[in-house]
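Asker: Sharing target-v2.tsv, TSV, C-alpha atoms:
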```tsv
chain	number	residue	atom	x	y	z
L	131	MET	CA	63.78	-65.52	72.98
L	132	LEU	CA	64.66	-63.05	70.24
L	133	MET	CA	65.61	-59.52	71.27
L	134	PRO	CA	63.13	-56.99	69.82
L	135	PRO	CA	64.59	-54.20	67.67
L	136	PHE	CA	65.66	-50.90	69.29
L	137	HIS	CA	68.22	-48.17	68.69
L	138	LEU	CA	71.20	-48.24	71.09
L	139	HIS	CA	72.98	-44.97	71.91
L	140	HIS	CA	76.39	-44.55	73.59
L	141	PRO	CA	76.91	-41.03	74.97
L	142	SER	CA	80.37	-40.36	76.41
L	143	THR	CA	79.43	-37.51	78.77
L	144	ILE	CA	76.61	-36.70	81.17
L	145	GLU	CA	75.73	-33.66	79.07
L	146	GLU	CA	75.46	-35.75	75.91
L	147	ALA	CA	73.24	-38.28	77.70
L	148	CYS	CA	70.90	-35.52	78.89
L	149	GLU	CA	70.78	-34.00	75.39
L	150	LEU	CA	69.81	-37.35	73.91
L	151	ALA	CA	67.02	-37.74	76.47
L	152	ALA	CA	65.76	-34.21	75.83
L	153	GLY	CA	65.68	-34.88	72.08
L	154	PHE	CA	63.64	-38.05	72.49
L	155	ILE	CA	61.22	-36.31	74.84
L	156	GLU	CA	60.73	-33.47	72.35
L	157	ALA	CA	60.21	-35.96	69.50
L	158	LYS	CA	57.83	-37.98	71.72
L	159	GLU	CA	59.89	-41.14	71.19
L	160	SER	CA	60.11	-43.70	74.00
L	161	PHE	CA	63.48	-44.59	75.53
L	162	ASP	CA	65.14	-46.44	78.42
L	163	TRP	CA	68.40	-46.00	80.28
L	164	VAL	CA	70.65	-49.05	80.57
L	165	ALA	CA	73.60	-49.49	82.92
L	166	GLY	CA	74.77	-53.10	83.29
L	167	GLY	CA	71.68	-54.44	81.53
L	168	THR	CA	71.20	-57.42	83.86
L	169	ASP	CA	67.59	-56.41	84.56
L	170	LEU	CA	66.55	-54.44	81.47
L	171	LEU	CA	67.83	-56.79	78.75
L	172	PRO	CA	66.16	-59.96	80.11
L	173	ASN	CA	62.90	-58.00	80.27
L	174	TYR	CA	63.38	-56.92	76.67
L	175	LYS	CA	63.89	-60.55	75.65
L	176	TRP	CA	60.54	-61.34	77.28
L	177	HIS	CA	59.09	-58.35	75.36
L	178	ILE	CA	58.34	-56.47	78.57
L	179	ASN	CA	58.05	-52.66	78.22
L	180	VAL	CA	60.23	-52.47	75.13
L	181	LYS	CA	61.16	-48.90	74.06
L	182	GLN	CA	62.26	-47.42	70.72
L	183	HIS	CA	65.61	-46.22	72.04
L	184	VAL	CA	68.02	-47.38	74.75
L	185	ILE	CA	70.65	-44.97	76.09
L	186	SER	CA	73.66	-46.78	77.55
L	187	LEU	CA	75.64	-45.14	80.36
L	188	ALA	CA	78.56	-47.57	79.97
L	189	ARG	CA	80.86	-45.06	78.23
L	190	VAL	CA	80.06	-42.05	80.39
L	191	GLN	CA	83.20	-41.11	82.29
L	192	GLY	CA	83.41	-40.33	86.01
L	193	ILE	CA	80.26	-42.05	87.32
L	194	ASP	CA	81.84	-45.29	88.54
L	195	THR	CA	83.68	-43.91	91.59
L	196	ILE	CA	83.91	-46.06	94.72
L	197	SER	CA	84.72	-44.52	98.10
L	198	MET	CA	83.39	-44.32	101.66
L	199	HIS	CA	81.41	-41.15	101.00
L	200	GLU	CA	80.53	-41.48	97.30
L	201	ILE	CA	79.63	-44.34	94.95
L	202	GLY	CA	78.87	-43.68	91.29
L	203	ALA	CA	75.80	-45.16	89.66
L	204	MET	CA	77.94	-47.12	87.18
L	205	ALA	CA	80.09	-48.75	89.87
L	206	ARG	CA	79.88	-52.52	89.34
L	207	LEU	CA	78.47	-54.53	92.23
L	208	GLY	CA	81.36	-56.96	91.99
L	209	SER	CA	83.85	-54.11	92.47
L	210	ILE	CA	81.82	-52.72	95.38
L	211	ALA	CA	81.61	-56.14	97.05
L	212	SER	CA	85.38	-56.60	96.93
L	213	SER	CA	86.32	-53.02	97.82
L	214	SER	CA	87.82	-52.01	101.16
L	215	ASP	CA	87.01	-48.35	100.43
L	216	VAL	CA	83.22	-48.56	100.77
L	217	HIS	CA	81.24	-49.08	103.96
L	218	PRO	CA	81.33	-52.81	104.87
L	219	LEU	CA	77.52	-52.93	104.95
L	220	ILE	CA	77.27	-51.87	101.30
L	221	ALA	CA	79.97	-54.37	100.33
L	222	GLN	CA	78.06	-57.07	102.19
L	223	ALA	CA	74.76	-56.26	100.47
L	224	ALA	CA	76.37	-56.01	97.01
L	225	GLY	CA	78.06	-59.37	97.59
L	226	LYS	CA	74.68	-61.05	98.15
L	227	VAL	CA	73.30	-60.02	94.74
L	228	ALA	CA	72.82	-62.93	92.32
L	229	SER	CA	76.07	-64.62	91.19
L	230	SER	CA	79.61	-63.36	90.61
L	231	LEU	CA	78.98	-63.25	86.85
L	232	ILE	CA	75.93	-61.04	87.34
L	233	ARG	CA	77.72	-58.82	89.89
L	234	ASN	CA	80.55	-58.17	87.44
L	235	ASN	CA	78.04	-56.54	85.06
L	236	ALA	CA	75.33	-55.21	87.37
L	237	THR	CA	75.69	-51.65	88.68
L	238	LEU	CA	74.68	-49.76	91.80
L	239	GLY	CA	72.32	-47.49	89.87
L	240	GLY	CA	70.72	-50.43	88.09
L	241	ASN	CA	70.13	-52.29	91.35
L	242	ILE	CA	68.49	-49.24	92.92
L	243	CYS	CA	66.22	-48.80	89.88
L	244	LEU	CA	65.40	-52.50	89.59
L	245	ASP	CA	62.00	-53.09	88.02
L	246	THR	CA	59.38	-54.59	90.34
L	247	ARG	CA	58.68	-58.28	89.85
L	248	CYS	CA	55.56	-60.47	89.85
L	249	PHE	CA	54.63	-64.00	88.77
L	250	TRP	CA	52.03	-62.56	86.40
L	251	PHE	CA	54.37	-60.02	84.82
L	252	ASN	CA	57.79	-61.67	84.50
L	253	GLN	CA	56.69	-64.21	81.89
L	254	SER	CA	56.92	-64.51	78.13
L	255	GLU	CA	54.75	-62.33	75.91
L	256	ASP	CA	52.79	-65.36	74.68
L	257	TRP	CA	52.09	-66.47	78.27
L	258	ARG	CA	50.93	-63.00	79.30
L	259	ARG	CA	48.72	-62.70	76.23
L	260	SER	CA	47.09	-66.04	77.03
L	261	ILE	CA	45.78	-64.71	80.36
L	262	ASP	CA	44.64	-61.40	78.89
L	263	TRP	CA	47.61	-59.51	80.39
L	264	CYS	CA	47.74	-57.87	83.83
L	265	HIS	CA	47.46	-54.38	85.29
L	266	LYS	CA	51.24	-53.69	85.10
L	267	GLU	CA	51.31	-54.22	81.34
L	268	ASP	CA	47.73	-54.38	80.14
L	269	CYS	CA	48.50	-53.48	76.51
L	270	GLY	CA	45.51	-51.15	76.45
L	271	THR	CA	43.04	-53.80	77.64
L	272	GLY	CA	42.43	-52.31	81.11
L	273	SER	CA	43.14	-55.69	82.71
L	274	ASP	CA	42.82	-56.14	86.47
L	275	CYS	CA	45.65	-57.03	88.83
L	276	ARG	CA	46.05	-60.80	88.97
L	277	VAL	CA	47.33	-60.77	92.53
L	278	ILE	CA	44.51	-58.67	94.00
L	279	PRO	CA	41.53	-59.31	91.69
L	280	ASN	CA	38.88	-56.79	90.66
L	281	GLN	CA	41.09	-53.72	90.88
L	282	ASN	CA	43.26	-51.96	88.32
L	283	THR	CA	44.30	-48.86	90.21
L	284	LEU	CA	47.39	-50.13	92.07
L	285	CYS	CA	50.13	-52.53	90.97
L	286	VAL	CA	51.49	-54.66	93.83
L	287	ALA	CA	54.51	-56.09	91.99
L	288	THR	CA	57.36	-56.53	94.48
L	289	TYR	CA	60.62	-54.57	94.61
L	290	GLN	CA	63.40	-57.16	95.09
L	291	GLY	CA	66.58	-55.07	95.17
L	292	ASP	CA	69.29	-55.90	97.72
L	293	VAL	CA	71.28	-52.68	98.03
L	294	ALA	CA	68.61	-50.02	98.68
L	295	PRO	CA	67.91	-50.83	102.38
L	296	SER	CA	71.62	-50.63	103.20
L	297	LEU	CA	71.83	-47.22	101.52
L	298	MET	CA	68.82	-46.12	103.56
L	299	VAL	CA	70.24	-47.08	106.94
L	300	LEU	CA	73.51	-45.33	106.08
L	301	GLU	CA	71.61	-42.11	105.31
L	302	GLY	CA	72.45	-42.22	101.61
L	303	LEU	CA	71.61	-39.25	99.38
L	304	LEU	CA	70.80	-39.87	95.71
L	305	HIS	CA	72.05	-37.40	93.11
L	306	ILE	CA	69.71	-37.39	90.11
L	307	ILE	CA	70.30	-35.60	86.80
L	308	GLY	CA	68.30	-35.01	83.63
L	309	PRO	CA	67.48	-32.41	80.97
L	310	ASN	CA	66.13	-30.06	83.67
L	311	GLY	CA	69.25	-30.20	85.82
L	312	GLU	CA	70.43	-31.99	88.94
L	313	ARG	CA	68.61	-32.63	92.22
L	314	GLN	CA	69.20	-34.58	95.40
L	315	ILE	CA	66.88	-36.78	97.43
L	316	PRO	CA	67.30	-39.15	100.41
L	317	VAL	CA	67.22	-42.79	99.30
L	318	GLU	CA	64.13	-43.52	101.41
L	319	GLU	CA	62.18	-40.81	99.53
L	320	PHE	CA	63.15	-42.11	96.09
L	321	PHE	CA	60.64	-44.96	95.90
L	322	GLN	CA	56.87	-44.72	95.21
L	323	LEU	CA	54.36	-47.25	96.51
L	324	ASP	CA	53.25	-48.52	93.12
L	325	GLY	CA	54.68	-51.39	91.12
L	326	ILE	CA	54.42	-49.46	87.86
L	327	THR	CA	55.64	-45.98	88.84
L	328	ARG	CA	58.28	-47.42	91.22
L	329	ASN	CA	60.22	-44.22	91.90
L	330	VAL	CA	60.24	-40.44	91.60
L	331	LEU	CA	62.45	-40.24	88.49
L	332	GLU	CA	60.97	-37.78	86.03
L	333	GLU	CA	61.15	-38.34	82.28
L	334	GLY	CA	64.74	-38.17	81.10
L	335	GLU	CA	66.33	-38.44	84.55
L	336	PHE	CA	68.84	-41.01	85.76
L	337	ILE	CA	70.81	-41.60	88.97
L	338	LEU	CA	74.27	-40.05	88.94
L	339	LYS	CA	75.71	-41.18	92.29
L	340	VAL	CA	75.00	-41.84	95.96
L	341	THR	CA	76.74	-39.84	98.68
L	342	PHE	CA	76.92	-40.41	102.43
L	343	PRO	CA	77.34	-37.98	105.35
L	344	GLU	CA	80.55	-37.41	107.28
L	345	GLY	CA	80.87	-39.99	110.03
L	346	VAL	CA	79.19	-42.80	108.07
L	347	GLU	CA	82.36	-44.82	108.62
L	348	ASN	CA	81.47	-44.90	112.34
L	349	ARG	CA	78.26	-46.81	111.68
L	350	VAL	CA	78.12	-50.56	112.31
L	351	GLY	CA	75.74	-52.39	109.99
L	352	SER	CA	74.31	-55.74	108.96
L	353	TYR	CA	72.19	-57.08	106.07
L	354	LYS	CA	70.30	-60.37	106.21
L	355	LYS	CA	68.56	-61.91	103.21
L	356	LEU	CA	66.01	-64.68	102.69
L	357	ARG	CA	66.18	-66.47	99.34
L	358	VAL	CA	65.43	-69.90	97.92
L	359	ARG	CA	69.02	-70.59	96.85
L	360	GLU	CA	72.19	-69.15	98.35
L	361	SER	CA	73.27	-67.76	94.99
L	362	TRP	CA	71.48	-66.25	92.03
L	363	ASP	CA	68.02	-65.70	93.54
L	364	PHE	CA	66.37	-62.36	94.23
L	365	PRO	CA	65.60	-61.74	97.92
L	366	GLU	CA	62.27	-63.02	99.22
L	367	ALA	CA	62.81	-60.75	102.23
L	368	GLY	CA	65.71	-58.61	103.33
L	369	VAL	CA	66.54	-56.47	106.38
L	370	ALA	CA	69.39	-53.99	106.87
L	371	ALA	CA	70.25	-52.17	110.11
L	372	SER	CA	72.96	-49.79	111.29
L	373	TRP	CA	73.84	-47.59	114.25
L	374	ILE	CA	76.72	-45.63	115.75
L	375	GLU	CA	77.86	-47.85	118.60
L	376	GLY	CA	76.49	-46.69	121.93
L	377	ASP	CA	74.05	-44.14	120.40
L	378	ILE	CA	70.60	-45.69	120.25
L	379	SER	CA	69.18	-42.52	118.69
L	380	SER	CA	71.27	-43.28	115.58
L	381	LEU	CA	69.61	-46.68	114.96
L	382	ARG	CA	68.11	-47.14	111.49
L	383	ILE	CA	66.51	-50.28	110.05
L	384	ALA	CA	64.96	-50.99	106.64
L	385	SER	CA	63.36	-53.87	104.74
L	386	THR	CA	63.17	-54.95	101.10
L	387	ALA	CA	61.47	-57.54	98.85
L	388	LEU	CA	58.23	-57.41	100.83
L	389	GLU	CA	56.22	-54.68	99.11
L	390	SER	CA	56.41	-52.49	96.01
L	391	ILE	CA	59.11	-50.40	97.70
L	392	PRO	CA	61.92	-50.93	100.19
L	393	ARG	CA	60.97	-49.27	103.47
L	394	LEU	CA	62.71	-47.43	106.30
L	395	HIS	CA	61.08	-48.38	109.62
L	396	GLN	CA	61.64	-45.20	111.59
L	397	GLN	CA	58.14	-45.17	113.11
L	398	GLU	CA	58.74	-48.56	114.71
L	399	ILE	CA	62.05	-47.32	116.17
L	400	ASP	CA	60.45	-44.14	117.51
L	401	LYS	CA	58.01	-46.20	119.58
L	402	LEU	CA	60.86	-47.72	121.62
L	403	ASP	CA	61.36	-46.19	125.06
L	404	GLY	CA	64.54	-45.92	127.09
L	405	GLY	CA	67.74	-47.85	126.44
L	406	PHE	CA	68.21	-50.92	124.33
L	407	SER	CA	68.07	-54.50	125.53
L	408	THR	CA	67.19	-57.98	124.32
L	409	ASP	CA	63.51	-57.24	125.02
L	410	LYS	CA	63.67	-54.14	122.85
L	411	ILE	CA	65.20	-56.15	120.00
L	412	LEU	CA	62.20	-58.51	120.15
L	413	GLN	CA	59.80	-55.56	120.37
L	414	LEU	CA	61.25	-53.86	117.31
L	415	SER	CA	61.42	-57.12	115.32
L	416	ASN	CA	57.77	-57.83	116.10
L	417	ALA	CA	56.73	-54.30	115.17
L	418	MET	CA	58.47	-54.59	111.81
L	419	MET	CA	56.81	-57.93	111.10
L	420	LYS	CA	53.37	-56.46	111.82
L	421	SER	CA	53.95	-53.40	109.65
L	422	ILE	CA	54.70	-55.11	106.33
L	423	LYS	CA	52.12	-56.56	103.93
L	424	PRO	CA	53.65	-58.99	101.41
L	425	VAL	CA	51.42	-60.43	98.69
L	426	ASN	CA	51.41	-63.76	96.87
L	427	ASN	CA	53.51	-62.94	93.81
L	428	THR	CA	57.00	-64.30	94.58
L	429	ALA	CA	58.46	-67.78	95.09
L	430	LEU	CA	57.70	-68.09	98.81
L	431	PRO	CA	54.25	-67.62	100.44
L	432	PRO	CA	53.46	-64.22	102.02
L	433	ARG	CA	52.88	-65.62	105.53
L	434	TYR	CA	56.32	-67.23	105.61
L	435	ARG	CA	58.05	-64.12	104.25
L	436	LYS	CA	56.26	-61.97	106.81
L	437	SER	CA	57.27	-64.24	109.70
L	438	MET	CA	60.86	-64.27	108.49
L	439	VAL	CA	61.04	-60.48	108.76
L	440	LYS	CA	61.04	-60.90	112.54
L	441	VAL	CA	63.88	-63.44	112.31
L	442	LEU	CA	66.00	-61.36	109.93
L	443	ALA	CA	65.49	-58.16	111.94
L	444	LYS	CA	66.39	-59.93	115.18
L	445	ARG	CA	69.58	-61.35	113.64
L	446	CYS	CA	70.61	-57.94	112.24
L	447	LEU	CA	70.04	-56.17	115.55
L	448	GLN	CA	71.79	-58.83	117.60
L	449	GLU	CA	74.77	-58.69	115.27
L	450	ILE	CA	75.23	-54.91	115.52
L	451	ILE	CA	73.99	-54.31	119.08
L	452	GLY	CA	73.98	-57.62	120.94
L	453	ASP	CA	72.69	-57.33	124.49
L	454	ALA	CA	73.56	-53.66	124.92
L	455	GLU	CA	71.76	-52.04	127.84
```
Render the structure in this file as structure tokens.

Answerer:
Amino acid sequence: MLMPPFHLHHPSTIEEACELAAGFIEAKESFDWVAGGTDLLPNYKWHINVKQHVISLARVQGIDTISMHEIGAMARLGSIASSSDVHPLIAQAAGKVASSLIRNNATLGGNICLDTRCFWFNQSEDWRRSIDWCHKEDCGTGSDCRVIPNQNTLCVATYQGDVAPSLMVLEGLLHIIGPNGERQIPVEEFFQLDGITRNVLEEGEFILKVTFPEGVENRVGSYKKLRVRESWDFPEAGVAASWIEGDISSLRIASTALESIPRLHQQEIDKLDGGFSTDKILQLSNAMMKSIKPVNNTALPPRYRKSMVKVLAKRCLQEIIGDAE
């Protein structure tokens, strides 16, 4: 596939990047941010949501830090996976993304902002035109969703990022910056339940870094992933969990690749009574399975993915808690 034409910009500072974005907004010219490009550029080759301008963050200094309490948005997943400075759970999740070649280019910020995916959307332009498009990219036709027919109000394309649930269970805080300044938001509040909108980024904003609270190093975590092949593939389901050993009130568990957003399952945890035991692990795993609603737009059928949530959650909890009473 031929890459469509666009103008590529290489700011060297955060301020310059924000000025570029502000200028394009004022001129009403469309633009994208690109980090590693492992998600955006393949979509451009398929002529999916192509913009006039692309602003690369590759030359911006100081946003690729890697430490226990701060990871820059431009930190490469390969570097995170092999680092002894980050939390082991984040290294584990980063190490499960695609292949080593992809990880050496892909970034933390790019993985968090991964575009949602769907059989009807992630196809060539000619293929999509032949079916009269879909709701996510209807090209002005007002086409219905192909997954849930006869509605064009909600896109159910699936978020298939690996790292987000691990950031959630470690109480990660996203630092976002744009022409209107900087703001902070918990990772679990960053995503919006719509396959088109995807997140709360306003026009011109991009992720700067993720920070973690003091004491995060005391958390024990685990991430389990379902995929068709052991390398390369996006998750078909994923579960991350963490806790501070011996403190059941600190337990956090999240899922990914099952809906349009990754989800923190605090409500299911809050329904548990008393201490923690093998029975409670089964109770929480069942509750998580019942709460998610996957649709038929990825490689594996929804019923199987839903049932595997129970298995993945059980394995995560047993790994970090075992038979604690």

Asker: Report as a PyMOL selection string all protein, DNA and RNA residues lying within 12 Å of Ala221 (chain L), evaluated on all atoms listed in the file, omitting residues in the same chain fewer than 2 positions from it.

Answerer: chain L and resi 196-198+201+205-219+223-227+233+238+292-293+296-297+351-353

Asker: What's the 6 Å shell around Leu304 (chain L), counting only C-alpha atoms, without same-chain residues fewer than 5 positions away, as a PyMOL selection string?

Answerer: chain L and resi 314-317+340

Asker: Could you pull the residues within 8 Å of region 177-182 of chain L, counting only C-alpha atoms, minus those fewer than 4 positions along the same chain, as a PyMOL selection string?

Answerer: chain L and resi 133-137+159-162+173+252+254-255+267

Asker: What is the distance, in Å and to one decimal place, between CA of Ser361 (chain L) and CA of Asn235 (chain L)?

Answerer: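 Between these atoms lies a distance of 15.7 Å.
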
Asker: Check the smallest atom-to-atom distance from each of L:Asn234, L:Leu338, L:His139, L:Arg435 to Gly308 (chain L) using all atoms listed in the file, then report the winner.

Answerer: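 Of L:Asn234, L:Leu338, L:His139, L:Arg435, the one nearest Gly308 (chain L) is L:Leu338, counting all atoms listed in the file.
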
Asker: Please identify all polymer residues within 7 Å of Arg247 (chain L), counting all atoms listed in the file, omitting same-chain residues fewer than 3 positions from it, and present them as JSON, numbers by chain.

Answerer: {"L": [251, 252, 287, 288, 289]}

Asker: Hey, which of L:Gly192, L:Gly325, L:Gly302, L:Pro392 ends up closest to Ile144 (chain L)? Count only C-alpha atoms.

Answerer: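 Looking only at the distances to Ile144 (chain L), the closest residue turns out to be L:Gly192.
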
Asker: I need the residue nearest Ile337 (chain L) from this list: L:Asp194, L:Glu149, L:Glu301, L:Glu156. Use all atoms listed in the file for the distance.

Answerer: L:Asp194

Asker: Would you list the contacts of Glu332 (chain L) as a PyMOL selection string, taking every protein, DNA or RNA residue within 12 Å and counting only C-alpha atoms, but skipping same-chain residues closer than 5 positions in sequence?

Answerer: chain L and resi 151-152+155+306-313+320+327+337

Asker: Do you have the CA of Ala371 (chain L)-CA of Thr246 (chain L) distance handy?

Answerer: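 Computing the Euclidean distance for CA of Ala371 (chain L) and CA of Thr246 (chain L) yields 22.7 Å.
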
Asker: Between L:Ile399, L:Asp169, L:Tyr174, L:Val190, single out the one closest to Pro141 (chain L), counting only C-alpha atoms.

Answerer: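 Going through L:Ile399, L:Asp169, L:Tyr174, L:Val190 one by one, the smallest distance to Pro141 (chain L) is for L:Val190.
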
Asker: Please compute the CA of Asp256 (chain L)-CA of Val164 (chain L) distance, one decimal, in Å.

Answerer: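 Going from CA of Asp256 (chain L) over to CA of Val164 (chain L), I get 24.9 Å.
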
Asker: Counting all atoms listed in the file, find residues at most 12 Å from (59.3, -57.8, 120.0) (file frame) and give them as a PyMOL selection string.

Answerer: chain L and resi 398-399+401-402+407-420+439-441+443-444+447

Asker: Determine the nearest neighbour of Trp373 (chain L) from the options L:Leu300, L:Gln397, L:Val358, L:Phe342, counting all atoms listed in the file.

Answerer: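 Smallest distance to Trp373 (chain L) is found for L:Leu300.
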
Asker: Missing atoms in region 245-267 of chain L: fill them in up to N, CA and C atoms and send the result as a CSV table (one decimal), in the coordinates of the input.

Answerer:
```
chain,number,residue,atom,x,y,z
L,245,ASP,N,63.4,-53.0,88.3
L,245,ASP,CA,62.0,-53.1,88.0
L,245,ASP,C,61.3,-54.0,89.0
L,246,THR,N,60.1,-53.7,89.4
L,246,THR,CA,59.4,-54.6,90.3
L,246,THR,C,59.0,-55.9,89.6
L,247,ARG,N,58.9,-57.0,90.4
L,247,ARG,CA,58.7,-58.3,89.8
L,247,ARG,C,57.4,-58.9,90.3
L,248,CYS,N,56.8,-59.8,89.5
L,248,CYS,CA,55.6,-60.5,89.8
L,248,CYS,C,55.4,-61.7,89.0
L,249,PHE,N,54.9,-62.8,89.5
L,249,PHE,CA,54.6,-64.0,88.8
L,249,PHE,C,53.8,-63.7,87.5
L,250,TRP,N,52.9,-62.8,87.5
L,250,TRP,CA,52.0,-62.6,86.4
L,250,TRP,C,52.6,-61.6,85.4
L,251,PHE,N,53.7,-61.0,85.7
L,251,PHE,CA,54.4,-60.0,84.8
L,251,PHE,C,55.7,-60.6,84.2
L,252,ASN,N,56.5,-61.2,85.0
L,252,ASN,CA,57.8,-61.7,84.5
L,252,ASN,C,57.7,-63.0,83.8
L,253,GLN,N,56.9,-63.0,82.7
L,253,GLN,CA,56.7,-64.2,81.9
L,253,GLN,C,56.8,-63.8,80.4
L,254,SER,N,56.8,-64.8,79.6
L,254,SER,CA,56.9,-64.5,78.1
L,254,SER,C,55.7,-63.8,77.6
L,255,GLU,N,55.8,-63.1,76.5
L,255,GLU,CA,54.8,-62.3,75.9
L,255,GLU,C,53.6,-63.2,75.6
L,256,ASP,N,53.9,-64.4,75.0
L,256,ASP,CA,52.8,-65.4,74.7
L,256,ASP,C,52.0,-65.8,75.9
L,257,TRP,N,52.7,-66.1,77.0
L,257,TRP,CA,52.1,-66.5,78.3
L,257,TRP,C,51.2,-65.4,78.8
L,258,ARG,N,51.7,-64.1,78.8
L,258,ARG,CA,50.9,-63.0,79.3
L,258,ARG,C,49.7,-62.7,78.4
L,259,ARG,N,49.9,-62.9,77.1
L,259,ARG,CA,48.7,-62.7,76.2
L,259,ARG,C,47.6,-63.7,76.5
L,260,SER,N,48.1,-65.0,76.8
L,260,SER,CA,47.1,-66.0,77.0
L,260,SER,C,46.2,-65.8,78.2
L,261,ILE,N,46.6,-65.0,79.2
L,261,ILE,CA,45.8,-64.7,80.4
L,261,ILE,C,45.2,-63.3,80.3
L,262,ASP,N,45.2,-62.7,79.1
L,262,ASP,CA,44.6,-61.4,78.9
L,262,ASP,C,45.4,-60.3,79.7
L,263,TRP,N,46.7,-60.5,79.8
L,263,TRP,CA,47.6,-59.5,80.4
L,263,TRP,C,47.3,-59.3,81.9
L,264,CYS,N,47.9,-58.2,82.4
L,264,CYS,CA,47.7,-57.9,83.8
L,264,CYS,C,47.8,-56.4,83.9
L,265,HIS,N,47.5,-55.8,85.1
L,265,HIS,CA,47.5,-54.4,85.3
L,265,HIS,C,48.8,-53.7,85.0
L,266,LYS,N,49.9,-54.3,85.3
L,266,LYS,CA,51.2,-53.7,85.1
L,266,LYS,C,51.5,-53.5,83.6
L,267,GLU,N,51.2,-54.4,82.8
L,267,GLU,CA,51.3,-54.2,81.3
L,267,GLU,C,50.1,-54.8,80.7
```
